[in-house]
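S.K.: Structure: start_19.cif, mmCIF, C-alpha atoms and all ligand atoms.
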```cif
data_my_file
#
loop_
_atom_site.label_atom_id
_atom_site.label_comp_id
_atom_site.auth_asym_id
_atom_site.auth_seq_id
_atom_site.Cartn_x
_atom_site.Cartn_y
_atom_site.Cartn_z
CA MET I 884 5.67 -8.33 27.94
CA PRO I 885 2.44 -6.87 26.49
CA LYS I 886 0.22 -9.26 24.55
CA VAL I 887 -0.37 -8.35 20.94
CA ARG I 888 -3.46 -9.32 18.96
CA ILE I 889 -3.90 -8.89 15.24
CA LEU I 890 -7.49 -8.60 14.06
CA PHE I 891 -7.97 -9.92 10.53
CA ASP I 892 -10.55 -11.18 8.09
CA ARG I 893 -8.11 -12.39 5.44
CA VAL I 894 -4.45 -13.04 6.14
CA ARG I 895 -2.35 -11.09 3.65
CA LEU I 896 1.43 -10.92 3.60
CA GLU I 897 1.20 -7.83 5.85
CA GLU I 898 -0.63 -9.69 8.63
CA LYS I 899 1.90 -12.52 8.45
CA MET I 900 4.75 -10.03 8.71
CA LEU I 901 3.14 -8.35 11.71
CA GLU I 902 2.55 -11.66 13.46
CA GLU I 903 6.11 -12.88 12.84
CA LYS I 904 7.60 -9.63 14.04
CA ALA I 905 5.48 -9.52 17.21
CA VAL I 906 6.60 -13.07 18.04
CA GLU I 907 10.21 -12.17 17.27
CA LEU I 908 9.96 -9.18 19.60
CA GLY I 909 8.91 -11.58 22.35
CA HIS I 910 5.21 -10.75 22.61
CA ASP I 911 2.52 -13.29 23.30
CA THR I 912 0.86 -12.95 19.90
CA LYS I 913 -2.45 -14.18 18.53
CA MET I 914 -4.43 -13.67 15.38
CA ILE I 915 -8.11 -12.88 15.88
CA ASP I 916 -10.51 -13.72 13.09
CA ALA I 917 -13.20 -11.04 13.01
CA LYS I 918 -15.42 -13.38 11.00
CA THR I 919 -15.75 -15.93 13.80
CA THR I 920 -15.78 -13.75 16.92
CA ASN I 921 -19.15 -12.92 18.48
CA ILE I 922 -19.57 -9.95 20.80
CA SER I 923 -22.68 -8.70 22.59
CA THR I 924 -23.87 -5.89 24.80
CA GLU I 925 -23.38 -8.34 27.67
CA SER I 926 -19.77 -9.14 26.77
CA LYS I 927 -16.91 -8.35 29.11
CA LYS I 928 -13.27 -7.92 28.24
CA SER I 929 -12.51 -10.97 30.39
CA ASP I 930 -14.71 -13.17 28.15
CA PHE I 931 -12.10 -12.85 25.41
CA ASP I 932 -8.40 -13.04 24.84
CA PHE I 933 -7.89 -9.62 23.26
CA GLY I 934 -4.51 -9.11 24.93
CA ASP I 935 -3.11 -5.67 25.78
CA VAL I 936 -3.37 -4.11 22.35
CA VAL I 937 -5.08 -4.96 19.07
CA LEU I 938 -3.97 -4.02 15.59
CA GLU I 939 -7.03 -3.77 13.35
CA ARG I 940 -6.08 -5.26 9.97
CA CYS I 941 -9.37 -6.22 8.31
CA VAL I 942 -9.53 -6.01 4.53
CA SER I 943 -13.21 -5.13 4.75
CA TYR I 944 -13.41 -1.53 5.92
CA PHE I 945 -16.88 -1.80 7.42
CA ARG I 946 -16.09 -5.06 9.22
CA GLY I 947 -12.97 -3.54 10.77
CA LEU I 948 -14.78 -0.34 11.68
CA HIS I 949 -17.64 -2.03 13.49
CA PHE I 950 -15.37 -4.51 15.22
CA THR I 951 -13.31 -1.54 16.40
CA ALA I 952 -16.44 -0.04 17.94
CA CYS I 953 -17.02 -3.30 19.84
CA LEU I 954 -13.43 -3.39 21.09
CA GLU I 955 -13.67 0.19 22.30
CA PHE I 956 -16.88 -0.79 24.09
CA LEU I 957 -14.85 -3.50 25.88
CA ASP I 958 -12.08 -0.97 26.68
CA VAL I 959 -9.52 -2.84 24.60
CA PRO I 960 -6.82 -0.51 23.21
CA ILE I 961 -6.98 -0.68 19.41
CA PHE I 962 -5.07 0.86 16.52
CA ASN I 963 -6.43 2.68 14.78
CA ASN I 964 -9.17 3.90 17.06
CA LEU I 965 -12.79 4.29 15.96
CA GLN I 966 -12.58 8.02 15.34
CA VAL I 967 -9.47 7.71 13.18
CA ALA I 968 -10.94 4.75 11.26
CA THR I 969 -14.11 6.76 10.65
CA ASN I 970 -12.18 9.80 9.46
CA CYS I 971 -9.88 7.88 7.12
CA GLY I 972 -12.29 5.33 5.69
CA ASN I 973 -14.50 8.00 4.22
CA LYS I 974 -12.84 10.22 1.63
CA LEU I 975 -15.36 13.01 2.08
CA LEU I 976 -14.62 13.24 5.82
CA THR I 977 -10.87 13.04 5.15
CA SER I 978 -10.96 15.85 2.57
CA LEU I 979 -12.89 18.11 4.93
CA LEU I 980 -10.52 17.42 7.83
CA LEU I 981 -7.40 17.97 5.72
CA LYS I 982 -8.72 21.29 4.43
CA LYS I 983 -9.89 22.37 7.90
CA HIS I 984 -6.38 21.71 9.23
CA ASN I 985 -4.77 23.66 6.38
CA VAL I 986 -3.19 20.61 4.77
CA PRO I 987 -2.88 21.21 1.01
CA THR I 988 -5.40 18.90 -0.65
CA PRO I 989 -7.00 18.75 -4.11
CA GLU I 990 -10.09 20.89 -4.65
CA THR I 991 -13.05 18.56 -4.20
CA HIS I 992 -16.76 19.02 -4.80
CA PHE I 993 -19.53 17.14 -3.03
CA SER I 994 -22.94 16.59 -4.59
CA PHE I 995 -25.80 14.64 -3.11
CA SER I 996 -27.88 13.71 -6.13
CA SER I 997 -27.16 12.82 -9.74
CA GLU I 998 -28.71 16.13 -10.87
CA SER I 999 -26.39 18.11 -8.59
CA ALA I 1000 -23.41 16.05 -9.76
CA VAL I 1001 -24.19 16.95 -13.38
CA GLU I 1002 -24.49 20.59 -12.36
CA THR I 1003 -21.08 20.49 -10.65
CA LEU I 1004 -19.51 18.83 -13.68
CA GLU I 1005 -21.01 21.32 -16.14
CA LYS I 1006 -20.04 24.29 -13.98
CA HIS I 1007 -16.51 23.11 -13.24
CA GLY I 1008 -15.80 21.62 -16.64
CA TYR I 1009 -13.95 18.40 -17.47
CA PRO I 1010 -11.96 16.49 -16.42
CA LEU I 1011 -12.84 15.70 -12.81
CA VAL I 1012 -11.99 12.57 -10.86
CA ILE I 1013 -14.93 10.70 -9.34
CA LYS I 1014 -14.34 8.42 -6.35
CA PRO I 1015 -16.52 6.25 -4.16
CA ILE I 1016 -16.27 7.87 -0.72
CA VAL I 1017 -15.47 4.43 0.75
CA GLY I 1018 -13.07 2.22 -1.18
CA SER I 1019 -9.49 1.28 -1.89
CA TRP I 1020 -7.08 -0.20 -4.44
CA GLY I 1021 -8.23 2.48 -6.87
CA ARG I 1022 -11.56 0.73 -7.41
CA GLY I 1023 -14.16 3.06 -8.84
CA VAL I 1024 -11.70 5.96 -9.10
CA ILE I 1025 -12.39 7.24 -12.60
CA LEU I 1026 -11.18 10.19 -14.63
CA LEU I 1027 -14.29 11.81 -16.06
CA LYS I 1028 -12.92 13.22 -19.30
CA ASP I 1029 -16.19 14.35 -20.81
CA ARG I 1030 -19.94 14.47 -20.41
CA GLU I 1031 -20.44 11.11 -22.08
CA ILE I 1032 -18.29 9.23 -19.57
CA ALA I 1033 -19.81 11.20 -16.68
CA ASP I 1034 -23.35 10.35 -17.77
CA ALA I 1035 -22.44 6.67 -18.06
CA ILE I 1036 -20.96 6.55 -14.56
CA ILE I 1037 -23.90 8.41 -13.07
CA GLU I 1038 -26.32 6.04 -14.80
CA VAL I 1039 -24.51 3.00 -13.38
CA ARG I 1040 -24.61 4.52 -9.91
CA GLU I 1041 -28.35 5.19 -10.19
CA LEU I 1042 -28.92 1.57 -11.23
CA SER I 1043 -26.87 0.03 -8.42
CA ASP I 1044 -28.19 2.63 -5.95
CA GLY I 1045 -26.13 1.50 -2.96
CA PRO I 1046 -26.27 3.67 0.18
CA LEU I 1047 -23.21 5.65 -0.91
CA ASP I 1048 -23.98 5.85 -4.64
CA ARG I 1049 -25.81 9.18 -4.46
CA ILE I 1050 -22.93 10.84 -2.66
CA TYR I 1051 -20.76 12.29 -5.40
CA TYR I 1052 -17.13 13.06 -4.64
CA LEU I 1053 -15.70 14.98 -7.56
CA GLN I 1054 -12.08 16.05 -7.42
CA GLU I 1055 -9.89 18.19 -9.61
CA ALA I 1056 -7.51 16.12 -11.73
CA VAL I 1057 -4.14 17.06 -10.24
CA LYS I 1058 -1.41 17.86 -12.77
CA ARG I 1059 1.40 15.64 -11.59
CA PRO I 1060 4.14 13.35 -12.87
CA PRO I 1061 3.01 9.73 -13.58
CA ARG I 1062 3.55 8.79 -9.97
CA ASP I 1063 2.42 9.63 -6.46
CA ILE I 1064 3.91 9.15 -3.01
CA ARG I 1065 2.84 6.74 -0.31
CA ALA I 1066 4.21 7.50 3.12
CA ILE I 1067 3.66 5.54 6.32
CA ALA I 1068 3.24 7.58 9.48
CA VAL I 1069 3.49 5.82 12.81
CA GLY I 1070 2.80 8.07 15.79
CA ASP I 1071 4.79 11.25 15.33
CA GLN I 1072 7.17 9.93 12.68
CA VAL I 1073 7.16 9.15 8.99
CA ILE I 1074 8.92 5.79 8.93
CA ALA I 1075 8.90 5.03 5.21
CA ALA I 1076 7.98 6.52 1.85
CA MET I 1077 7.96 5.45 -1.77
CA TYR I 1078 7.00 6.72 -5.15
CA ARG I 1079 4.43 4.62 -6.92
CA THR I 1080 4.85 4.89 -10.63
CA SER I 1081 1.87 3.95 -12.72
CA SER I 1082 2.09 1.09 -15.13
CA GLY I 1083 0.59 3.23 -17.87
CA GLY I 1084 -2.87 4.07 -16.52
CA PHE I 1085 -4.09 7.06 -14.57
CA LYS I 1086 -3.95 5.31 -11.20
CA THR I 1087 -0.74 4.47 -9.35
CA ASN I 1088 -1.99 1.93 -6.76
CA ILE I 1089 0.43 -0.94 -6.11
CA ALA I 1090 -2.66 -3.17 -6.24
CA LEU I 1091 -2.96 -2.13 -9.91
CA GLY I 1092 0.69 -2.81 -10.75
CA GLY I 1093 2.26 0.47 -9.63
CA GLU I 1094 6.00 0.07 -9.09
CA PRO I 1095 7.49 0.95 -5.68
CA VAL I 1096 10.51 3.26 -5.96
CA PRO I 1097 12.30 4.59 -2.83
CA CYS I 1098 11.45 8.18 -1.91
CA GLU I 1099 13.49 10.38 0.38
CA ILE I 1100 11.64 11.58 3.46
CA THR I 1101 12.40 15.28 3.18
CA LYS I 1102 11.53 17.79 5.87
CA GLU I 1103 8.71 19.02 3.65
CA LEU I 1104 7.24 15.54 3.14
CA GLU I 1105 7.56 14.74 6.83
CA ASP I 1106 5.83 17.99 7.70
CA ILE I 1107 2.82 17.54 5.42
CA CYS I 1108 2.41 13.90 6.51
CA MET I 1109 2.51 14.76 10.19
CA ARG I 1110 -0.05 17.49 9.68
CA SER I 1111 -2.27 15.03 7.81
CA SER I 1112 -1.91 12.50 10.59
CA LYS I 1113 -2.88 15.07 13.20
CA ALA I 1114 -5.86 16.15 11.09
CA VAL I 1115 -7.40 12.67 11.17
CA GLY I 1116 -6.46 11.90 14.78
CA GLY I 1117 -3.05 10.17 14.51
CA GLY I 1118 -2.04 6.51 14.71
CA ILE I 1119 -0.71 4.07 12.13
CA LEU I 1120 -1.47 5.57 8.76
CA GLY I 1121 -0.74 5.39 5.05
CA ILE I 1122 -0.67 8.85 3.55
CA ASP I 1123 -1.11 9.36 -0.20
CA VAL I 1124 0.56 12.46 -1.58
CA MET I 1125 0.63 13.87 -5.10
CA GLU I 1126 3.17 16.32 -6.52
CA ASP I 1127 1.16 19.11 -8.09
CA GLU I 1128 3.19 20.92 -10.73
CA LYS I 1129 2.38 24.35 -9.23
CA ARG I 1130 1.47 23.85 -5.57
CA GLY I 1131 3.91 21.07 -4.67
CA PHE I 1132 2.66 18.37 -2.30
CA VAL I 1133 -1.08 17.80 -1.96
CA VAL I 1134 -2.54 15.02 0.19
CA HIS I 1135 -5.47 13.15 -1.34
CA GLU I 1136 -5.98 10.24 1.00
CA VAL I 1137 -5.14 8.84 4.43
CA ASN I 1138 -5.49 5.06 4.88
CA ASN I 1139 -6.30 3.58 8.26
CA THR I 1140 -5.32 -0.06 7.58
CA VAL I 1141 -2.31 0.48 5.43
CA GLU I 1142 -0.91 -2.17 3.10
CA PHE I 1143 2.88 -2.13 3.03
CA LYS I 1144 4.22 -5.15 1.18
CA GLY I 1145 5.33 -2.95 -1.72
CA LEU I 1146 6.90 -0.36 0.53
CA ALA I 1147 8.59 -2.99 2.75
CA LYS I 1148 10.68 -3.98 -0.29
CA VAL I 1149 12.28 -0.54 -0.55
CA ALA I 1150 12.03 0.88 3.00
CA LYS I 1151 15.11 1.28 5.19
CA ARG I 1152 13.25 0.83 8.46
CA ASN I 1153 11.34 -2.28 9.44
CA ILE I 1154 7.68 -1.34 8.98
CA PRO I 1155 5.97 -4.09 11.01
CA LYS I 1156 8.45 -3.60 13.85
CA GLU I 1157 7.72 0.12 14.02
CA MET I 1158 3.98 -0.53 13.97
CA ILE I 1159 4.05 -3.08 16.77
CA GLU I 1160 6.39 -1.08 18.98
CA PHE I 1161 4.23 2.00 18.56
CA ALA I 1162 0.99 0.14 19.37
CA VAL I 1163 2.51 -1.56 22.41
CA ASN I 1164 4.07 1.62 23.76
CA SER I 1165 0.89 3.67 23.23
CA ALA I 1166 -1.27 1.06 24.94
CA ARG I 1167 1.08 1.02 27.94
CA ARG I 1168 0.54 4.71 28.60
N1 LIG I 1201 -7.32 14.07 -8.06
C1 LIG I 1201 -6.49 13.23 -8.66
N2 LIG I 1201 -5.71 13.63 -9.68
C2 LIG I 1201 -4.85 12.76 -10.29
N3 LIG I 1201 -4.72 11.47 -9.94
C3 LIG I 1201 -5.48 10.99 -8.93
C4 LIG I 1201 -6.40 11.85 -8.24
N4 LIG I 1201 -7.00 11.14 -7.29
C5 LIG I 1201 -6.50 9.89 -7.37
N5 LIG I 1201 -5.60 9.79 -8.36
C6 LIG I 1201 -4.88 8.55 -8.74
O1 LIG I 1201 -5.73 7.44 -8.44
C7 LIG I 1201 -5.16 6.64 -7.39
C8 LIG I 1201 -6.27 6.13 -6.46
O2 LIG I 1201 -6.90 7.21 -5.82
P1 LIG I 1201 -7.10 7.26 -4.24
O3 LIG I 1201 -7.81 8.52 -3.92
O4 LIG I 1201 -5.80 7.05 -3.56
O5 LIG I 1201 -8.11 6.05 -3.99
P2 LIG I 1201 -7.88 4.59 -3.35
O6 LIG I 1201 -8.42 4.71 -1.96
O7 LIG I 1201 -8.72 3.66 -4.16
O8 LIG I 1201 -6.42 4.29 -3.36
C9 LIG I 1201 -4.16 7.54 -6.71
O9 LIG I 1201 -3.15 6.80 -6.08
C10 LIG I 1201 -3.65 8.38 -7.86
O10 LIG I 1201 -2.70 7.66 -8.63
MG MG I 1202 -4.92 5.49 -2.40
#
```
Give the structure from the file, written as structure tokens.
M.R.:
Amino acid sequence: MPKVRILFDRVRLEEKMLEEKAVELGHDTKMIDAKTTNISTESKKSDFDFGDVVLERCVSYFRGLHFTACLEFLDVPIFNNLQVATNCGNKLLTSLLLKKHNVPTPETHFSFSSESAVETLEKHGYPLVIKPIVGSWGRGVILLKDREIADAIIEVRELSDGPLDRIYYLQEAVKRPPRDIRAIAVGDQVIAAMYRTSSGGFKTNIALGGEPVPCEITKELEDICMRSSKAVGGGILGIDVMEDEKRGFVVHEVNNTVEFKGLAKVAKRNIPKEMIEFAVNSARR
């Protein structure tokens, strides 16, 4: 029986569910705390107990990403792999890949200074949605309704001046019902999907109180999700889809360490089971 390892930095309900399911399926299962594991250029796979396959489940994107690089260095099979984690963790890279692979995605503008961002905003007109290129739970995703709000956000970014603050990701505000769709793709299948209805605000994230409502996995939804998965390199993914009133489905995000406690409540299939079986079977090949 393959040994399963779950890499974490904080144990959420999802990591507990994955651990329990792996044990239930009969795998030797261990949790690996990324915060207390040291790796070096001199390390060998045999120095550690990384098992036969690792599921990367860190809450911190950068921690998970860099740990993934170390595991690939040690030739430990990991989901998702470094390329996929890189593609998904950065919204700019994701948008480019989706478009390149002809997946319908919102029109998005990239500016690399505050002056250029203002130029884009003035040329395009309001509203536009600004997003940090790395982030989740809807943090920092803001509907720029007018120049005043835009100036305020740009000013704050100039003050904080983090390494990603001068990269402006400005997206059309999609005309959609007050909900979006979260689908989970595992390998070549969409295993679960839900609508997330917003609790009043602009954003529909479950982390912000969005309500999970079951969503039928139609042929069309399956198709756009599989194409999105292929675009970023495949694996275990959470795909965010909006229903544009004219164009139909548009994909705005692909998540590489997908949260699923909301979806697990309404899904027909067992999400952690599907994830573990996929990882184990892929690592065997
Ligand atoms: N272009 C957009 N038009 C309308 N709503 C959007 C748009 N982009 C994001 N949203 C809303 O904001 C939420 C968070 O945006 P998302 O890109 O998924 O960032 P995060 O990685 O923080 O989840 C989405 O789930 C959706 O409800
Ligand atoms: Mg999202």
S.K.: When you look at I:Ser1165 with a cut-off of 10 Å (counting all atoms listed in the file), what residues show up, excluding the ones that are within fewer than 2 positions of it in the same chain? I need them as a list in words.
M.R.: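 Here the qualifying residues turn out to be Val936, Pro960, Ile961, Phe962, Gly1070, Gly1118, Ile1159, Glu1160, Phe1161, Ala1162, Val1163, Arg1167 and Arg1168 of chain I.
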S.K.: How big is the axis-aligned box around all listed atoms of stretch 971-989 of chain I once 3 Å goes on each side, and where's its centre, in Å to one decimal, as JSON?
M.R.:
```
{"center_x": -9.1, "center_y": 14.5, "center_z": 2.6, "size_x": 18.5, "size_y": 24.3, "size_z": 19.3}
```
S.K.: Fewer than 6 positions away in the same chain doesn't count, so skip those; otherwise give me all residues within 12 Å of stretch 1041-1047 of chain I, counting all atoms listed in the file, as a short mmCIF file (atom, residue, chain, number, x, y, z; two decimals) with C-alpha atoms, in the frame of the given file.
M.R.:
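Dumped everything to part-v6.cif:
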```cif
data_model
loop_
_atom_site.label_atom_id
_atom_site.label_comp_id
_atom_site.auth_asym_id
_atom_site.auth_seq_id
_atom_site.Cartn_x
_atom_site.Cartn_y
_atom_site.Cartn_z
CA ASN I 973 -14.50 8.00 4.22
CA LYS I 974 -12.84 10.22 1.63
CA LEU I 975 -15.36 13.01 2.08
CA SER I 994 -22.94 16.59 -4.59
CA PHE I 995 -25.80 14.64 -3.11
CA SER I 996 -27.88 13.71 -6.13
CA SER I 997 -27.16 12.82 -9.74
CA GLU I 998 -28.71 16.13 -10.87
CA ALA I 1000 -23.41 16.05 -9.76
CA LYS I 1014 -14.34 8.42 -6.35
CA PRO I 1015 -16.52 6.25 -4.16
CA ILE I 1016 -16.27 7.87 -0.72
CA VAL I 1017 -15.47 4.43 0.75
CA GLY I 1018 -13.07 2.22 -1.18
CA ASP I 1034 -23.35 10.35 -17.77
CA ALA I 1035 -22.44 6.67 -18.06
#
```
S.K.: Dump as a tab-separated table the rows for residues of chain I within 8 Å of ligand LIG 1201 (chain I): closest atom pair and distance in Å with one decimal, all atoms listed in the file counted, ordered by chain and rising residue number.
M.R.:
```
residue	atom	partner	partner_atom	distance
I:Lys974	CA	I:LIG1201	O3	7.7
I:Pro989	CA	I:LIG1201	N1	6.1
I:Leu1011	CA	I:LIG1201	N1	7.5
I:Val1012	CA	I:LIG1201	N1	5.6
I:Lys1014	CA	I:LIG1201	O3	7.0
I:Val1017	CA	I:LIG1201	O6	7.6
I:Gly1018	CA	I:LIG1201	O6	5.3
I:Ser1019	CA	I:LIG1201	O7	3.4
I:Trp1020	CA	I:LIG1201	O7	4.2
I:Gly1021	CA	I:LIG1201	O7	3.0
I:Arg1022	CA	I:LIG1201	O7	5.2
I:Gly1023	CA	I:LIG1201	O7	7.2
I:Val1024	CA	I:LIG1201	O2	5.9
I:Ile1025	CA	I:LIG1201	O1	7.9
I:Gln1054	CA	I:LIG1201	N1	5.2
I:Glu1055	CA	I:LIG1201	N1	5.1
I:Ala1056	CA	I:LIG1201	N2	3.7
I:Val1057	CA	I:LIG1201	N2	3.8
I:Lys1058	CA	I:LIG1201	C2	6.6
I:Arg1059	CA	I:LIG1201	C2	7.0
I:Pro1061	CA	I:LIG1201	O10	7.8
I:Arg1062	CA	I:LIG1201	O10	6.5
I:Asp1063	CA	I:LIG1201	O10	5.9
I:Arg1079	CA	I:LIG1201	O9	7.9
I:Ser1081	CA	I:LIG1201	O10	7.2
I:Phe1085	CA	I:LIG1201	C6	6.1
I:Lys1086	CA	I:LIG1201	O10	3.7
I:Thr1087	CA	I:LIG1201	O10	3.8
I:Asn1088	CA	I:LIG1201	O9	5.1
I:Asp1123	CA	I:LIG1201	O4	6.2
I:Met1125	CA	I:LIG1201	C10	7.5
I:His1135	CA	I:LIG1201	O3	5.8
I:Glu1136	CA	I:LIG1201	O3	5.5
I:Asn1138	CA	I:LIG1201	O6	7.4
```
S.K.: Give me the residues within 12 Å of I:Glu1103 as a short mmCIF file (atom, residue, chain, number, x, y, z; two decimals) with C-alpha atoms, in the frame of the given file, counting only C-alpha atoms and dropping any in the same chain fewer than 6 places off.
M.R.:
```
data_model
loop_
_atom_site.label_atom_id
_atom_site.label_comp_id
_atom_site.auth_asym_id
_atom_site.auth_seq_id
_atom_site.Cartn_x
_atom_site.Cartn_y
_atom_site.Cartn_z
CA VAL I 1073 7.16 9.15 8.99
CA MET I 1109 2.51 14.76 10.19
CA ARG I 1110 -0.05 17.49 9.68
CA VAL I 1124 0.56 12.46 -1.58
CA GLU I 1126 3.17 16.32 -6.52
CA GLY I 1131 3.91 21.07 -4.67
CA PHE I 1132 2.66 18.37 -2.30
CA VAL I 1133 -1.08 17.80 -1.96
#
```
S.K.: Taking into account all atoms listed in the file, which residue in the set I:Asp1106, I:Asp1048, I:Glu1005, I:Glu902 is nearest to I:Asp1071?
M.R.: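 Checking each of I:Asp1106, I:Asp1048, I:Glu1005, I:Glu902 against I:Asp1071, counting all atoms listed in the file, the winner is I:Asp1106.
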S.K.: List as a list in words the protein and nucleic acid residues near I:Pro1097, meaning an atom at most 8 Å away when all atoms listed in the file are counted, but skip any in the same chain fewer than 2 places from it.
M.R.: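 After dropping sequence-adjacent residues, the list is Ala1076, Met1077, Tyr1078, Pro1095, Glu1099, Val1149 and Ala1150 of chain I.
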S.K.: Rank I:Gly1008, I:Arg940, I:Ala905, I:Val1115 by their smallest atom-to-atom distance to I:Leu979, using all atoms listed in the file, and report the top residue only.
M.R.: I:Val1115
S.K.: In Å, with one decimal, what is the gap from atom CA of I:Ser1112 to atom CA of I:Glu897?
M.R.: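 Result for atom CA of I:Ser1112 versus atom CA of I:Glu897: 21.1 Å, one decimal.
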S.K.: Find the residues near I:Gly1116: any atom within 12 Å, counting only C-alpha atoms, skip ones fewer than 6 places away on the same chain, and give them as a ChimeraX atom specification.
M.R.: /I:962-971,977,980-981,984,1068-1071,1109-1110,1137,1139
S.K.: Work out how far atom CA of I:Lys1156 is from atom CA of I:Phe931, in Å to one decimal.
M.R.: 25.3 Å
S.K.: So what do you get for atom CA of I:Pro1060 versus atom CA of I:Thr1080, distance-wise?
M.R.: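 Value for the atom CA of I:Pro1060-atom CA of I:Thr1080 distance: 8.8 Å.
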S.K.: Which residue gives the smallest distance to I:Thr951 among I:Phe1143, I:Tyr1052, I:Phe933, I:Phe993, with all atoms listed in the file counted?
M.R.: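 Closest to I:Thr951 of all the choices is I:Phe933.
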S.K.: Which is closest to I:Val906 among I:Leu890, I:Ala1033, I:Pro1155, I:Ile1122, if we use all atoms listed in the file?
M.R.: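 Closest to I:Val906, using all atoms listed in the file: I:Pro1155.
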S.K.: Given the choices I:Cys1108, I:Ala1075, I:Leu1053, I:Ala1066, which gets closest to ligand MG 1202 (chain I) if the distance is worked out from all atoms listed in the file?
M.R.: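 Closest to ligand MG 1202 (chain I), using all atoms listed in the file: I:Ala1066.
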S.K.: Which of these, I:Arg893, I:Arg1065, I:Lys1144, I:Arg1030, has the shortest distance to ligand MG 1202 (chain I) once you count only C-alpha atoms and all ligand atoms?
M.R.: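 Of I:Arg893, I:Arg1065, I:Lys1144, I:Arg1030, the one nearest ligand MG 1202 (chain I), counting only C-alpha atoms and all ligand atoms, is I:Arg1065.
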